[in-house]
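**Student:** Before I ask anything, here is the structure I am working with.
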Amino acid sequence: MNELPQQLVNGLLLGSMYGLVAIGYTMVYGIVQLINFAHGEIFMTGAFGALTVWLWLPGGTTMWIALPLMIVGAVIVAVAIAVGAERFAYRPLRNAPRLAPLITAIGLSLALQQAVWAWYPEAKSARTFPQIEGGPFEIGSVTIQTGDIFLVVAAPISMAVLAWFVMKTRTGRGMQATAQDPDTAKLMGVNTDRIIVIAFALGAAFAAVGAVAYGLKYGEINFRMGFILGLKAFTAAVLGGIGNIYGAMIGGVVLGVAETLATAYIADIPGMDKFGSQSWADVWAFVLLILVLLFRPQGLLGERVADRA
Amino acid sequence: MRQRSLIAITAALAAGALTLTACGSRDSGDKGSDSGNGGTTVVIGVDAPLTGDLSAMGLGIKNSADLAVRNANKQQLVKGVTFKIDARDDQAQPSAGQQNASSFVSDKNVLGVVGPLNSSVAESMQKVFDDAKLVQVSPANTGPALTQGPDWQNKKVRPYKAYFRTATTDAIQGPFAAQYVYNTAKKKKVFVIDDKKTYGSGLAATFTTEFKKLGGKVVGTEHINPDAKDFSAIATKVKNSGAQVVYYGGEYPQAGPLSKQIKAAGAKIPLVGGDGVKDDTYMKLAGSEATGDLATSVGAPVEDLPSAKQFVADYKAAGYKEEYSAYGGYAYDSAWAVIEAVKKVADANGGKLPTDARAKITEAMQGVSFDGVTGKVSFDEFGDATNKQLTVYAVKNGAWVPVKSGTYTG
């Protein structure tokens, strides 16, 4: 049986999740040139927000009612933490040398992880996440899990909403203007502080949707889940061209598919059997990143921009 | 001025984060031991993952060692000596384990150590303890190289005199599983997956050798990354390989999701693992389709042994929050072995501990023999448990149910 279609779907699903989280990196970077390394942890707190809502709901609530509430819960928690981080950790450092907010971001990332570890009930080891009932869907030789259906639906909708927001609304256009030149945008009457807060909030909201997808896909969440996934999403953002929101999604999908195919097929290439299997998947993902950066330093969809003085 | 206050905020945040991290690694386990009666206090160090993915097993080890110490104090087993445990968290990390080992060595009251859980952590601790002649008894390590040297398949050489264990080794556990899978469960085609760690890859290797010897076929091998969560690519490969069973060398945090994703991909075949898989957390992670999954574990089921009835009752009475988990009985016996060794040394020295107590206790451990929770506890010339019993467990109605006990015969 040919397994390629199934492997491509596996990669596509994994990649869509990377993409949802990558949007947060790319939007914040596009507007304030800050790599928000705490974004992975914002994703993680979103997952715990969704779990909290589930625990509050009376037992026996169906997922059809619970899921929308859980998404809302995840978004509220993630956005609140992202906006708080922007206000108290990043805004005071906005005119500081670039290294300072970067260090703050790493500190914040550790602090969030340890806060969940210390204070969330029973979060010291993995917590189970509610699952959607019902069997998997079969399309030809391809199987899609019930939990993944959420991702199949949520990822494109999220992208469409984001594209509409950035292109068509006043705030979205303000964002584009701020990304191009914050000082001029300010002179033109754009409230840049507000725009930056919105960028953080939007990024966090997408990460929260990604977090719910993660919980449904793997059935468990833990306080360290944001670290590796955040790193992968950041890679996806760079791969797609950091600062470009479509790039984030494309980068995520490329990364996810590359990882999956590397796991599935590298070992079959003659002489490469030692470099196959899943333990090497990350290595091949980063090799891909290095290759793209060597030959297309701006990333897949990025534009070559002159460094701002 | 503005700049300076910003730097202060950054520093404060970083410091805060570090402090929080540090909180995690300190866990004073000295509660629960009766103090007083004016004699000497002997500290038994306990090293296990008390937080993180493997904490379910680690906390079981800590509590059970604590229970042994409480019972010894209550019975006044060694006159004039009060035992106490000092539990430290290794987070299943070799580096953290080594740090803990160093701090146990530097504390003169520590005369024996129980732990760790992971073979890879034990590797980093053995030399530290051996140099200090401080005895270490692991309730859970199954890596054969720890007692029989890296070349154990050809020539057995004991590398460290201060290392003992109450658990049996993967040299026995892997083949035992292979025999059960091939002879009893009648599965001839296996897909072998491991996590590349000392324990996991060792177990997978001994399983594979025996399975091939019996006439079984290995239709695929994979190595996973212990950090990873997404096994969909592997699950698809397993499905298409035509395997009748999956053998996984590794621990439950990965085994659970792996089993779940393999079944979700459409391969309704059982996953078989070692003692690292046999924890109740496995069911939570693997979901409802885990029924029929198998795991071998060292010894006979604790609940069935008459010798363990008292332990189970005591554990309940002591009111620990966590389960005793897969290694509770072994941890109790490990701590008890240390206590017995201390008693021997004290008795031989007229009821007082000599100045070179550590070296004497290490020496005495070799001859320790008693009826423990898990059966008869004593050690062979390599420091391995002489009790080589194993049991196969199967998942049934969301719990591990013993299906076959026995000893591996070559």
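Every chain in the structure tokens has a letter given in the order shown (A, B, ...), and although residue numbers restart at 1 in each chain, ligands are simply numbered from 1 in the order shown.
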Could you list, as a list in words, every residue within 12 Å of Leu77 in chain B, counting only C-alpha atoms and ignoring same-chain residues fewer than 6 positions away?
**Tutor:**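 Listed by chain and then number, they are Ala68, Val69, Arg70, Asn71, Phe83, Trp336, Ile339, Glu340, Ala341, Val342, Lys343, Lys344, Ala346, Asp347 and Gly351 of chain B.
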**Student:** When the cut-off is 8 Å and we count only C-alpha atoms, which residues of chain A are near chain B, given as JSON, numbers by chain?
**Tutor:** {"A": [1, 3, 6, 7, 10, 11, 14, 89, 92, 93, 96, 100, 101, 103, 104, 106, 107, 108, 110, 111, 114, 115, 124, 125, 126, 128, 136, 143, 145, 218, 219, 220, 228, 260, 261, 263, 264, 277, 278, 279]}
**Student:** Please identify the strand (DSSP E) residues within range 112-298 of chain A (assignment by DSSP from backbone atoms) and present them as a PyMOL selection string.
**Tutor:** chain A and resi 127-128+137-139+142-144+220-221
**Student:** Print the selection's residues with all heavy atoms to a file, as a compact mmCIF listing (two decimals), in the first residue's frame.
**Tutor:**
```
# COMPACT_ATOMS: atom_id res chain seq x y z
N ARG A 127 -1.25 16.42 31.94
CA ARG A 127 -2.68 16.37 32.24
C ARG A 127 -3.43 15.95 30.99
O ARG A 127 -3.11 16.38 29.89
CB ARG A 127 -3.17 17.75 32.69
CG ARG A 127 -2.51 18.20 33.95
CD ARG A 127 -3.45 18.69 35.01
NE ARG A 127 -4.75 18.05 35.06
CZ ARG A 127 -5.68 18.42 35.93
NH1 ARG A 127 -5.45 19.38 36.78
NH2 ARG A 127 -6.85 17.83 35.94
N THR A 128 -4.46 15.12 31.19
CA THR A 128 -5.19 14.68 30.01
C THR A 128 -6.15 15.77 29.54
O THR A 128 -6.66 16.55 30.33
CB THR A 128 -5.99 13.40 30.29
OG1 THR A 128 -6.66 13.56 31.53
CG2 THR A 128 -5.08 12.20 30.37
N PHE A 137 -11.97 9.60 10.13
CA PHE A 137 -12.55 9.78 8.79
C PHE A 137 -11.60 9.21 7.75
O PHE A 137 -10.41 9.48 7.79
CB PHE A 137 -12.80 11.25 8.52
CG PHE A 137 -13.82 11.83 9.44
CD1 PHE A 137 -13.44 12.29 10.70
CD2 PHE A 137 -15.16 11.90 9.08
CE1 PHE A 137 -14.37 12.79 11.58
CE2 PHE A 137 -16.10 12.41 9.95
CZ PHE A 137 -15.70 12.86 11.21
N GLU A 138 -12.16 8.44 6.84
CA GLU A 138 -11.31 7.82 5.82
C GLU A 138 -11.64 8.42 4.46
O GLU A 138 -12.79 8.40 4.03
CB GLU A 138 -11.55 6.31 5.78
CG GLU A 138 -11.44 5.66 7.15
CD GLU A 138 -10.41 4.55 7.20
OE1 GLU A 138 -9.89 4.21 6.13
OE2 GLU A 138 -10.13 4.06 8.30
N ILE A 139 -10.63 8.98 3.81
CA ILE A 139 -10.81 9.49 2.46
C ILE A 139 -9.81 8.73 1.59
O ILE A 139 -8.61 8.99 1.66
CB ILE A 139 -10.54 11.00 2.38
CG1 ILE A 139 -11.38 11.72 3.44
CG2 ILE A 139 -10.83 11.54 0.99
CD1 ILE A 139 -10.81 13.06 3.84
N VAL A 142 -6.40 7.59 2.97
CA VAL A 142 -5.94 8.54 3.99
C VAL A 142 -6.91 8.54 5.17
O VAL A 142 -8.11 8.60 5.00
CB VAL A 142 -5.82 9.95 3.39
CG1 VAL A 142 -5.48 10.96 4.48
CG2 VAL A 142 -4.77 9.97 2.30
N THR A 143 -6.34 8.46 6.37
CA THR A 143 -7.15 8.52 7.58
C THR A 143 -6.91 9.86 8.28
O THR A 143 -5.76 10.26 8.45
CB THR A 143 -6.76 7.39 8.54
OG1 THR A 143 -6.68 6.18 7.80
CG2 THR A 143 -7.76 7.25 9.66
N ILE A 144 -7.99 10.52 8.65
CA ILE A 144 -7.84 11.75 9.44
C ILE A 144 -8.53 11.53 10.77
O ILE A 144 -9.70 11.12 10.83
CB ILE A 144 -8.43 12.97 8.70
CG1 ILE A 144 -7.64 13.24 7.42
CG2 ILE A 144 -8.39 14.20 9.60
CD1 ILE A 144 -8.20 14.36 6.59
N GLU A 220 -3.12 15.17 25.58
CA GLU A 220 -2.54 15.58 26.85
C GLU A 220 -1.76 16.88 26.68
O GLU A 220 -1.31 17.19 25.57
CB GLU A 220 -1.60 14.49 27.39
CG GLU A 220 -0.52 14.10 26.41
CD GLU A 220 0.85 13.95 27.05
OE1 GLU A 220 1.09 14.59 28.09
OE2 GLU A 220 1.67 13.23 26.50
N ILE A 221 -1.65 17.62 27.76
CA ILE A 221 -0.88 18.85 27.73
C ILE A 221 0.01 18.87 28.96
O ILE A 221 -0.28 18.22 29.95
CB ILE A 221 -1.79 20.10 27.72
CG1 ILE A 221 -2.71 20.11 28.94
CG2 ILE A 221 -2.62 20.16 26.45
CD1 ILE A 221 -3.52 21.37 29.06
```
**Student:** Enumerate, as an NGL selection string, the complete set of residues in range 116-238 of chain A that a backbone-based DSSP assignment places in alpha helix (DSSP H).
**Tutor:** :A and (116-119 or 146-168 or 170-180 or 182-187 or 192-218 or 225-238)
**Student:** Counting only C-alpha atoms, which residue out of A:Gly24, A:Gly215, A:Pro97, A:Gly226 sits closest to Val79 in chain A?
**Tutor:** A:Gly24
**Student:** When distances are computed from only C-alpha atoms, which of A:Phe206, A:Phe223, A:Trp119, A:Phe165 shows the smallest separation from Tyr18 in chain A?
**Tutor:**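 When distances to Tyr18 in chain A are compared using only C-alpha atoms, the smallest one comes from A:Phe206.
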